[in-house]
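Asker: Following this line is model10.cif, made up of mmCIF, C-alpha atoms:
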```cif
data_my_file
#
loop_
_atom_site.label_atom_id
_atom_site.label_comp_id
_atom_site.auth_asym_id
_atom_site.auth_seq_id
_atom_site.Cartn_x
_atom_site.Cartn_y
_atom_site.Cartn_z
CA MET A 1 0.00 0.00 0.00
CA ALA A 2 1.58 3.16 -0.87
CA TYR A 3 0.00 6.15 0.40
CA TYR A 4 0.42 9.81 0.34
CA LEU A 5 -0.17 11.76 3.41
CA TYR A 6 0.06 15.36 2.36
CA VAL A 7 0.76 17.96 4.89
CA ILE A 8 0.83 20.82 2.59
CA VAL A 9 1.62 24.27 3.40
CA LEU A 10 1.05 26.38 0.47
CA TYR A 11 0.56 23.17 -0.96
CA VAL A 12 3.00 21.60 1.39
CA ASN A 13 2.45 17.91 1.32
CA ILE A 14 3.54 15.09 3.35
CA LEU A 15 2.79 12.01 1.41
CA ILE A 16 3.27 8.39 1.82
CA LEU A 17 4.15 6.57 -1.37
CA SER A 18 5.35 3.13 -2.14
CA PHE A 19 9.07 3.04 -2.76
CA ASN A 20 10.47 0.13 -4.69
CA ASN A 21 14.23 -0.23 -4.48
CA GLY A 22 14.54 -3.49 -6.31
CA ASN A 23 15.73 -6.30 -4.07
CA ASN A 24 17.87 -4.05 -1.92
CA ILE A 25 16.91 -3.35 1.66
CA ILE A 26 17.76 0.17 2.73
CA THR A 27 19.38 0.36 6.13
CA ILE A 28 19.13 3.35 8.41
CA ASN A 29 22.35 4.88 9.69
CA ALA A 30 21.64 7.31 12.47
CA GLN A 31 25.28 7.88 13.36
CA ASN A 32 26.98 11.25 13.02
CA VAL A 33 23.74 13.18 12.65
CA PRO A 34 24.80 16.83 12.72
CA SER A 35 23.44 19.29 15.24
CA SER A 36 21.46 22.16 13.82
CA SER A 37 20.08 25.53 14.87
CA ARG A 38 16.61 25.05 16.30
CA LEU A 39 13.82 26.74 14.35
CA THR A 40 10.87 24.76 15.67
CA ASN A 41 9.03 25.64 18.87
CA LEU A 42 9.86 29.31 18.35
CA PHE A 43 6.26 30.22 17.53
CA PRO A 44 2.94 29.48 19.25
CA HIS A 45 1.41 26.13 18.36
CA LEU A 46 -1.85 26.12 16.47
CA SER A 47 -4.96 24.30 17.57
CA PHE A 48 -6.40 21.64 15.30
CA ASP A 49 -9.92 22.36 16.45
CA LYS A 50 -9.71 26.17 16.25
CA ASP A 51 -7.27 26.84 13.39
CA PHE A 52 -8.20 23.98 11.04
CA THR A 53 -11.36 22.70 9.42
CA GLN A 54 -12.15 19.12 8.51
CA ILE A 55 -12.51 18.74 4.75
CA PHE A 56 -13.61 15.10 4.61
CA GLY A 57 -13.41 11.78 6.42
CA GLY A 58 -15.99 11.93 9.20
CA SER A 59 -14.82 9.94 12.22
CA ASN A 60 -11.49 9.20 10.50
CA VAL A 61 -10.34 12.58 11.82
CA GLN A 62 -9.76 12.67 15.55
CA ILE A 63 -8.69 15.76 17.48
CA TYR A 64 -7.52 15.36 21.06
CA GLY A 65 -5.31 16.89 23.73
CA ASN A 66 -7.39 20.09 23.86
CA GLY A 67 -6.80 20.57 20.13
CA SER A 68 -3.02 20.16 20.24
CA ASN A 69 -2.98 16.80 18.45
CA ALA A 70 -4.84 15.10 15.63
CA LYS A 71 -5.02 11.75 13.88
CA ILE A 72 -6.08 11.23 10.29
CA SER A 73 -6.85 7.77 8.97
CA LEU A 74 -7.55 5.88 5.77
CA ASP A 75 -9.76 2.83 5.71
CA LYS A 76 -11.64 1.01 2.96
CA LYS A 77 -14.51 3.51 3.10
CA THR A 78 -12.69 6.81 3.08
CA GLY A 79 -9.56 8.80 3.68
CA SER A 80 -9.59 12.00 5.70
CA GLY A 81 -8.16 15.48 5.84
CA LEU A 82 -7.76 18.82 7.59
CA ALA A 83 -7.08 22.26 6.15
CA ALA A 84 -5.78 25.38 7.86
CA LYS A 85 -8.24 28.27 7.89
CA ASN A 86 -5.67 30.89 6.87
CA ARG A 87 -3.69 31.26 3.67
CA TYR A 88 -0.19 32.69 3.62
CA ASN A 89 2.04 34.82 1.39
CA HIS A 90 5.30 33.31 2.73
CA GLY A 91 6.23 32.10 6.17
CA PHE A 92 7.46 29.25 8.32
CA PHE A 93 5.45 26.03 8.54
CA SER A 94 6.16 23.00 10.69
CA ALA A 95 4.46 19.89 12.01
CA ALA A 96 5.49 17.00 14.22
CA ILE A 97 4.35 13.80 12.54
CA LYS A 98 4.41 10.10 13.32
CA LEU A 99 3.68 7.89 10.33
CA PRO A 100 1.84 4.58 10.01
CA ALA A 101 3.95 1.50 10.64
CA GLY A 102 3.90 -1.78 8.77
CA PHE A 103 3.30 -2.54 5.12
CA THR A 104 2.66 0.85 3.53
CA SER A 105 2.32 0.68 -0.24
CA GLY A 106 -0.45 2.86 -2.08
CA VAL A 107 -2.09 5.96 -0.33
CA LEU A 108 -2.23 9.51 -1.74
CA SER A 109 -3.44 12.98 -0.87
CA ASN A 110 -3.33 16.41 -2.42
CA TRP A 111 -5.18 19.67 -2.65
CA ASP A 112 -5.46 22.49 -5.13
CA PHE A 113 -6.40 26.14 -4.75
CA PHE A 114 -5.39 26.99 -8.35
CA PRO A 115 -6.71 24.10 -10.46
CA HIS A 116 -4.80 25.01 -13.63
CA ASN A 117 -2.11 27.33 -12.38
CA HIS A 118 -1.39 26.41 -8.79
CA ASP A 119 1.78 26.54 -6.72
CA GLU A 120 3.08 23.72 -4.59
CA ILE A 121 5.71 23.08 -1.96
CA ASP A 122 5.63 19.62 -0.47
CA PHE A 123 7.13 16.90 1.60
CA GLU A 124 6.24 13.46 0.35
CA LEU A 125 7.04 10.65 2.73
CA LEU A 126 7.26 7.53 0.64
CA GLY A 127 6.03 4.38 2.27
CA HIS A 128 7.28 0.94 1.51
CA GLN A 129 6.65 -2.64 0.74
CA LYS A 130 7.90 -5.33 3.08
CA SER A 131 11.40 -4.84 4.51
CA ARG A 132 11.96 -1.42 2.92
CA ASN A 133 12.39 1.71 4.92
CA TRP A 134 10.81 5.10 4.41
CA VAL A 135 12.09 7.63 1.91
CA LEU A 136 11.55 11.38 1.99
CA GLN A 137 10.67 13.16 -1.25
CA THR A 138 10.47 16.93 -1.68
CA ASN A 139 8.97 18.85 -4.58
CA MET A 140 8.01 22.40 -5.55
CA TYR A 141 6.71 24.35 -8.51
CA GLY A 142 4.91 27.55 -9.33
CA ASN A 143 2.33 28.67 -11.88
CA GLY A 144 1.29 25.14 -12.72
CA SER A 145 4.76 24.12 -13.95
CA VAL A 146 3.97 20.47 -13.26
CA LYS A 147 5.61 19.18 -16.44
CA THR A 148 8.96 19.85 -14.83
CA GLY A 149 9.07 17.66 -11.76
CA ARG A 150 11.53 19.01 -9.23
CA GLU A 151 11.63 15.97 -6.97
CA GLU A 152 14.53 15.04 -4.73
CA LYS A 153 14.59 11.89 -2.59
CA PHE A 154 16.42 11.11 0.63
CA ARG A 155 16.86 8.08 2.83
CA LEU A 156 15.65 8.93 6.29
CA TRP A 157 18.18 8.37 9.05
CA PHE A 158 15.48 7.31 11.51
CA ASP A 159 12.29 5.28 11.64
CA PRO A 160 9.45 7.82 11.31
CA THR A 161 6.84 5.39 12.66
CA THR A 162 8.15 5.00 16.22
CA GLN A 163 7.97 8.61 17.41
CA PHE A 164 7.23 12.13 16.24
CA HIS A 165 9.67 13.96 13.98
CA GLU A 166 9.55 17.56 12.80
CA TYR A 167 9.07 18.44 9.13
CA SER A 168 9.42 22.15 8.40
CA ILE A 169 9.43 24.56 5.48
CA ILE A 170 10.74 28.09 5.16
CA TRP A 171 9.18 29.96 2.25
CA ASN A 172 9.97 33.60 1.58
CA SER A 173 11.20 35.79 -1.25
CA TYR A 174 14.79 34.62 -0.73
CA HIS A 175 14.56 30.85 -0.71
CA ILE A 176 12.60 27.72 0.13
CA VAL A 177 14.20 25.43 2.70
CA PHE A 178 13.03 21.93 3.61
CA LEU A 179 14.09 20.83 7.10
CA VAL A 180 13.80 17.53 8.96
CA ASP A 181 14.30 17.74 12.71
CA ASN A 182 15.76 21.22 12.08
CA ILE A 183 18.37 19.89 9.63
CA PRO A 184 18.10 21.44 6.14
CA VAL A 185 17.89 18.77 3.47
CA ARG A 186 17.16 21.05 0.51
CA GLU A 187 17.41 24.75 -0.34
CA VAL A 188 15.83 26.32 -3.44
CA LEU A 189 17.20 29.80 -4.02
CA ASN A 190 14.93 32.34 -5.71
CA THR A 191 17.23 33.10 -8.64
CA PRO A 192 16.44 34.44 -12.12
CA ALA A 193 16.80 30.89 -13.47
CA ILE A 194 13.84 29.63 -11.44
CA SER A 195 11.87 32.83 -10.86
CA SER A 196 9.06 31.95 -13.30
CA SER A 197 8.45 28.67 -11.44
CA TYR A 198 9.02 29.96 -7.92
CA PRO A 199 5.86 29.66 -5.77
CA SER A 200 4.32 33.10 -5.28
CA LYS A 201 0.58 32.65 -4.76
CA PRO A 202 -1.19 32.64 -1.38
CA MET A 203 -1.28 29.07 -0.10
CA THR A 204 -2.52 27.13 2.86
CA LEU A 205 -1.46 24.11 4.85
CA TYR A 206 -3.41 20.92 4.73
CA THR A 207 -3.02 17.31 5.62
CA THR A 208 -4.99 14.55 3.96
CA ILE A 209 -4.72 10.83 3.47
CA TRP A 210 -6.47 8.78 0.76
CA ASP A 211 -6.02 5.92 -1.65
CA GLY A 212 -3.78 6.87 -4.55
CA SER A 213 -2.90 3.41 -5.77
CA PRO A 214 -3.40 4.03 -9.52
CA TRP A 215 -1.00 6.96 -9.45
CA ALA A 216 1.43 5.97 -6.73
CA THR A 217 2.29 2.35 -7.41
CA ASN A 218 3.28 1.89 -11.02
CA GLY A 219 -0.25 1.96 -12.34
CA GLY A 220 -1.72 0.06 -9.42
CA LYS A 221 0.88 -2.71 -9.32
CA TYR A 222 1.08 -2.49 -5.52
CA PRO A 223 -2.32 -1.14 -4.43
CA VAL A 224 -3.40 -0.35 -0.91
CA ASN A 225 -3.96 -3.58 0.99
CA TYR A 226 -6.83 -2.85 3.36
CA LYS A 227 -5.96 -5.93 5.33
CA TYR A 228 -3.63 -3.57 7.18
CA ALA A 229 -6.15 -0.75 7.59
CA PRO A 230 -6.74 1.66 9.15
CA PHE A 231 -3.65 3.64 8.26
CA THR A 232 -3.26 6.41 10.79
CA ALA A 233 -0.88 9.36 10.88
CA SER A 234 -0.51 11.33 14.10
CA LEU A 235 0.04 15.09 14.06
CA GLY A 236 1.16 17.57 16.67
CA GLU A 237 3.14 20.75 17.38
CA MET A 238 1.75 22.56 14.36
CA GLU A 239 3.41 25.93 13.76
CA MET A 240 2.62 28.51 11.09
CA ALA A 241 4.03 32.02 11.21
CA GLY A 242 4.45 34.66 8.52
CA CYS A 243 2.34 36.75 6.22
CA ILE A 244 -1.34 35.80 6.49
CA HIS A 245 -3.13 36.53 3.22
CA ASP A 246 -5.78 39.25 3.28
CA PRO A 247 -8.66 38.03 1.07
CA ASN A 248 -9.66 41.66 0.43
CA ASP A 249 -6.26 42.45 -1.06
CA LEU A 250 -6.69 41.75 -4.77
CA SER A 251 -2.97 42.17 -5.39
CA GLY A 252 -2.29 39.05 -3.33
CA LYS A 253 0.59 40.86 -1.60
CA SER A 254 -0.84 41.75 1.77
CA CYS A 255 2.55 41.88 3.50
CA SER A 256 5.21 44.51 3.10
CA LYS A 257 8.84 44.11 4.08
CA THR A 258 9.65 45.24 7.59
CA SER A 259 12.54 47.39 8.68
CA ASN A 260 15.02 46.09 11.26
CA PRO A 261 13.29 42.69 11.49
CA SER A 262 13.99 40.45 14.44
CA SER A 263 15.69 37.11 13.92
CA LEU A 264 12.28 35.45 14.48
CA ASP A 265 10.69 37.12 11.44
CA PRO A 266 10.13 34.31 8.84
CA LEU A 267 10.00 36.88 6.02
CA GLU A 268 13.10 38.99 6.71
CA GLY A 269 14.72 37.65 9.89
CA GLN A 270 18.35 36.61 9.79
CA ASN A 271 17.49 33.07 10.92
CA PHE A 272 15.19 32.60 7.95
CA VAL A 273 16.63 34.42 4.93
CA LYS A 274 20.07 32.80 4.88
CA LEU A 275 21.44 29.51 6.14
CA SER A 276 23.95 29.70 8.96
CA SER A 277 27.32 27.97 8.69
CA GLN A 278 25.95 25.24 10.97
CA GLN A 279 22.90 24.77 8.75
CA ILE A 280 25.07 24.65 5.62
CA LYS A 281 27.07 21.81 7.18
CA GLY A 282 23.82 20.00 7.95
CA LEU A 283 22.61 20.54 4.38
CA GLN A 284 25.86 19.18 2.95
CA TRP A 285 25.65 16.16 5.24
CA ALA A 286 22.06 15.36 4.26
CA ARG A 287 22.75 15.70 0.55
CA SER A 288 26.06 13.83 0.51
CA LYS A 289 25.01 11.00 2.83
CA HIS A 290 21.29 10.58 2.29
CA MET A 291 20.13 12.00 -1.05
CA ILE A 292 19.40 9.19 -3.50
CA TYR A 293 17.71 11.09 -6.35
CA SER A 294 17.68 14.59 -7.80
CA TYR A 295 15.83 15.71 -10.90
CA CYS A 296 18.90 17.73 -11.87
CA ARG A 297 20.80 14.46 -12.33
CA ASP A 298 18.09 12.65 -14.27
CA LYS A 299 19.35 12.77 -17.85
CA LEU A 300 16.92 10.07 -18.95
CA ARG A 301 13.98 12.21 -17.90
CA TYR A 302 15.35 15.51 -19.19
CA LYS A 303 17.26 15.72 -22.42
CA VAL A 304 17.57 19.42 -21.69
CA MET A 305 17.97 20.16 -18.00
CA PRO A 306 15.70 22.74 -16.33
CA PRO A 307 17.47 26.12 -16.30
CA GLU A 308 18.07 26.22 -12.55
CA CYS A 309 20.07 22.97 -12.79
CA LYS A 310 22.59 24.60 -15.09
CA THR A 311 23.42 27.30 -12.55
CA ARG A 312 24.33 24.94 -9.73
#
```
Take the structure in the file and write it out as structure tokens.
Answerer:
Amino acid sequence: MAYYLYVIVLYVNILILSFNNGNNIITINAQNVPSSSRLTNLFPHLSFDKDFTQIFGGSNVQIYGNGSNAKISLDKKTGSGLAAKNRYNHGFFSAAIKLPAGFTSGVLSNWDFFPHNHDEIDFELLGHQKSRNWVLQTNMYGNGSVKTGREEKFRLWFDPTTQFHEYSIIWNSYHIVFLVDNIPVREVLNTPAISSSYPSKPMTLYTTIWDGSPWATNGGKYPVNYKYAPFTASLGEMEMAGCIHDPNDLSGKSCSKTSNPSSLDPLEGQNFVKLSSQQIKGLQWARSKHMIYSYCRDKLRYKVMPPECKTR
């Protein structure tokens, strides 16, 4: 069963997909994990019952702990999902997530505010068949540039089913940064080469889980096996801070740059607009030790590489 569990902020997804690595079993090496500057737990946590709305799933969505935690499940009848009430024009977005354990091949979720021209920034946690560990996939695009997939995949250095781990995104006019437990795994700089595909529309955060077997598992080769249902993801420590979109602002730019911003400003603060030397070391470690796929290296897929790949 492969499934996608999207936690999407501005279309930020956390998905669970099936990952087939041939006959090889991926082993997790948690040694020498670098320390990193802490960005999570800097902002107030949101409440799942006050700051989110249920979009489908009935009793498959459970909110508990006075709104501080939630569970979303997929069973044979339905998936489930939550959506944040606010939309953002940049910011910092983070969630603590514990993923379903066991045989996880075939479940998908997504959401779309701009059906033909939408932006997306997402984590996609790729599930597995028997004896294969989880893989993290990241992706982003703007203005509906879906024909150019910008996926990168990483082996996780921990088991994401045994306890909560933090998945975070920085999105501002300078860069997009994907972080796992505060360690940057990917940075997308807003350069002229990628500016036309850089996400710029107001977006929201959502989390959903549903059956995506036909899309996620080689045309349904490894569909969801409901023998193992329900598939439940646990959520907590949800943080969103930045520029909340004003629906009355037709320009879509309801935030202006601040002067003398504090380091805690996700739009202009020094902790958010440029990686520190410690974060750069963490990024280099993640990419050299754990990255297993980058679209910029996929010459079979792209005879002509996307322009941003040429500037690296």
Asker: Once the PyMOL selection byres ((chain A and resi 99) around 8) is applied to the coordinates I shared, what remains selected? I want it as a PyMOL selection string.
Answerer: chain A and resi 97-98+100-101+160-162+232-234
Asker: When the PyMOL selection byres ((chain A and resi 151-156) around 7) is applied to the structure above, which residues does it catch, written out as a compact mmCIF listing (two decimals) with C-alpha atoms, in the coordinates of the input?
Answerer:
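Writing done, so here's out_11.txt:
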```
# COMPACT_ATOMS: atom_id res chain seq x y z
CA ILE A 28 19.13 3.35 8.41
CA TRP A 134 10.81 5.10 4.41
CA VAL A 135 12.09 7.63 1.91
CA LEU A 136 11.55 11.38 1.99
CA GLN A 137 10.67 13.16 -1.25
CA THR A 138 10.47 16.93 -1.68
CA ASN A 139 8.97 18.85 -4.58
CA GLY A 149 9.07 17.66 -11.76
CA ARG A 150 11.53 19.01 -9.23
CA TRP A 157 18.18 8.37 9.05
CA PHE A 158 15.48 7.31 11.51
CA HIS A 290 21.29 10.58 2.29
CA MET A 291 20.13 12.00 -1.05
CA ILE A 292 19.40 9.19 -3.50
CA TYR A 293 17.71 11.09 -6.35
CA SER A 294 17.68 14.59 -7.80
CA TYR A 295 15.83 15.71 -10.90
```
Asker: Do you know which residues are at most 8 Å from segment 78-92 of chain A counting only C-alpha atoms, after dropping those on the same chain fewer than 3 positions away, and could you put them as a ChimeraX atom specification?
Answerer: /A:10,51-58,60-61,72-75,168-173,200-211,239-245,252-255,266-267
Asker: If you measure from atom CA of Leu39 of chain A to atom CA of Gly65 of chain A, what distance in Å do you get, rounded to one decimal?
Answerer: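 Here the two named atoms are 23.5 Å from each other.
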Asker: Would you please work out which residue, of A:Leu283, A:Leu126, A:Phe93, A:Asn182, is nearest to His45 of chain A when using only C-alpha atoms?
Answerer: A:Phe93
Asker: Separation of atom CA of Ser197 of chain A and atom CA of Pro306 of chain A, in Å?
Answerer: 10.6 Å
Asker: Once 6 Å is added on each side, what are the centre and the three edge lengths, in Å to one decimal, of the axis-aligned box enclosing the listed atoms of segment 272-281 of chain A? Present them as JSON.
Answerer:
```
{"center_x": 21.3, "center_y": 28.1, "center_z": 7.9, "size_x": 24.1, "size_y": 24.6, "size_z": 18.1}
```
Asker: Could you tell me which residues the PyMOL selection byres ((chain A and resi 273-275) around 10) returns for this structure, as a ChimeraX atom specification?
Answerer: /A:37,170-177,184,187,189,263,265-272,276-283
